[in-house]
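Read the structure below first, then the notes.
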Amino acid sequence: MLHAMWWGVKLGSNTKFDGKCYFKRYPKSTIKIGDNCEFLSRPNSNLIGIDRPCLVSTLTEEAYLEVGNNCGFSGTVIGAFTSIKIGNNVRCGANTLITDSDWHSDDPRVGPAKPVVIGNNVWLGINVVVLKGVEIGENTVIGANSLVTKNIPANVIAAGNPCREIAKL
């Protein structure tokens, strides 16, 4: 928790950490974490196993990263260059990655960063990767090891590489 405060992260009440979660806030950017969130970063703090600690970062001055209330993260990496908004009651399985950029802005082969929005009550399975420009609708479940490259509607189960809708809820 002291690490988050050092980096100027706005933490909601009753946020819990199991192991060290790393925060890096670029000057003038914003990181807001809602109430009752939990960050699991120790290898054995999740029964499935965690390969890395949680890392929450902004990487430009204009970056905005917001996490809603009652969210859970297990070895999750979240990197915002422009905007990432995560709704309430979102669960991120072990070793998930959420990013709004290709991470190599100096390379002419990549496009600009694009916002990511994850709706309320979404569940991302183990090892899910959510890439730039994606919106995931509320109440949706994304299956393990999926690569989310396009929007996924609300109230569905989606999985695969690339991730696609496989059933309605």
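Convention: chains lettered A, B, ... in structure tokens order; per-chain residue numbering from 1; ligands numbered from 1 as shown.
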- Query: Skipping near chain neighbours, those fewer than 2 positions away, what residues fall within 6 Å of A:Leu55 using only C-alpha atoms, listed as number ranges by chain?
  - Reply: A: 21-23, 77
- Hey, what does DSSP flag as strand (DSSP E or B) within chain A? Can you give it to me as a ChimeraX atom specification? /A:10-11,16-18,22-24,30-33,38-40,55-58,64-67,72-74,77-80,83-86,91-92,97-99,116-118,123-124,129-130,135-136,141-142,147-148,152,156-160,163-168
- Query: Which polymer residues have any atom within 7 Å of an atom of A:Gly34, counting only C-alpha atoms, with same-chain residues fewer than 4 positions away left out, as an NGL selection string?
  - Reply: :A and (11-12 or 67-69)
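Atom CA of A:Asp102 sits 21.7 Å away from atom CA of A:Gly125.
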Taking a cut-off of 8 Å and counting only C-alpha atoms, can you build a table that, for each residue of stretch 98-134 of chain A near stretch 140-160 of chain A, reports the nearest atom pair and how far apart they are in Å (one decimal), sorted by chain then residue number, as CSV?
residue,atom,partner,partner_atom,distance
A:Asn121,CA,A:Thr140,CA,7.1
A:Val122,CA,A:Thr140,CA,4.9
A:Trp123,CA,A:Val141,CA,4.8
A:Leu124,CA,A:Ile142,CA,4.9
A:Gly125,CA,A:Ala144,CA,4.3
A:Ile126,CA,A:Ala144,CA,4.8
A:Asn127,CA,A:Asn145,CA,4.8
A:Val128,CA,A:Asn145,CA,4.9
A:Val129,CA,A:Leu147,CA,5.0
A:Val130,CA,A:Val148,CA,4.8
A:Leu131,CA,A:Thr149,CA,5.5
A:Lys132,CA,A:Thr149,CA,7.3
A:Gly133,CA,A:Lys150,CA,7.4
A:Val134,CA,A:Asn151,CA,4.9
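Nearest to A:Thr82 of all the residues A:Asn95, A:Ser105, A:Asn70, A:Thr58 is A:Thr58, counting only C-alpha atoms.
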- Per DSSP on the backbone, what are the alpha helix (DSSP H) residues of chain A, as an NGL selection string? :A and (2-6)
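Take the candidates A:Arg25, A:Ser74, A:Gly79, A:Asn88 and check each one against A:Asp51 using only C-alpha atoms; the shortest distance goes to A:Ser74.
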- State, in Å with one decimal place, the distance from atom CA of A:Thr99 to atom CA of A:Lys24. 14.3 Å
- Which residues come within 7 Å of A:Thr60, counting only C-alpha atoms, excluding same-chain residues fewer than 6 positions away, as a PyMOL selection string? chain A and resi 26+29+81
- Message: Given only C-alpha atoms as the basis, pick out the residue of A:Ser83, A:Asn36, A:Asn139, A:Thr76 nearest to A:Arg52.
- Response: A:Thr76
- Message: Can you pull out the residues contacting A:Asp18? Cut-off 7 Å, using only C-alpha atoms, and skip same-chain residues under 5 positions away; I want them as a ChimeraX atom specification.
- Response: /A:39-42,45
C-alpha atoms of the current selection, written as a short mmCIF file (atom, residue, chain, number, x, y, z; two decimals), in the first residue's frame:
data_model
loop_
_atom_site.label_atom_id
_atom_site.label_comp_id
_atom_site.auth_asym_id
_atom_site.auth_seq_id
_atom_site.Cartn_x
_atom_site.Cartn_y
_atom_site.Cartn_z
CA PHE A 39 -4.19 -7.85 -5.72
CA LEU A 40 -2.59 -11.30 -5.41
CA SER A 41 1.12 -11.25 -6.25
CA ARG A 42 2.74 -14.15 -4.40
CA SER A 45 -1.62 -16.71 -3.29
#
- Task: Could you please determine the separation between atom CA of A:Pro112 and atom CA of A:Ile86 in Å, to one decimal place?
- Result: 20.5 Å
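Distances here use only C-alpha atoms; by that measure, the residue among A:Ala167, A:Lys114, A:Lys32, A:Pro27 closest to A:Ser13 is A:Lys32.
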- Using only C-alpha atoms, which of the listed residues (A:Cys54, A:Pro115, A:Glu135, A:Tyr64) sits closest to A:Cys92? A:Cys54
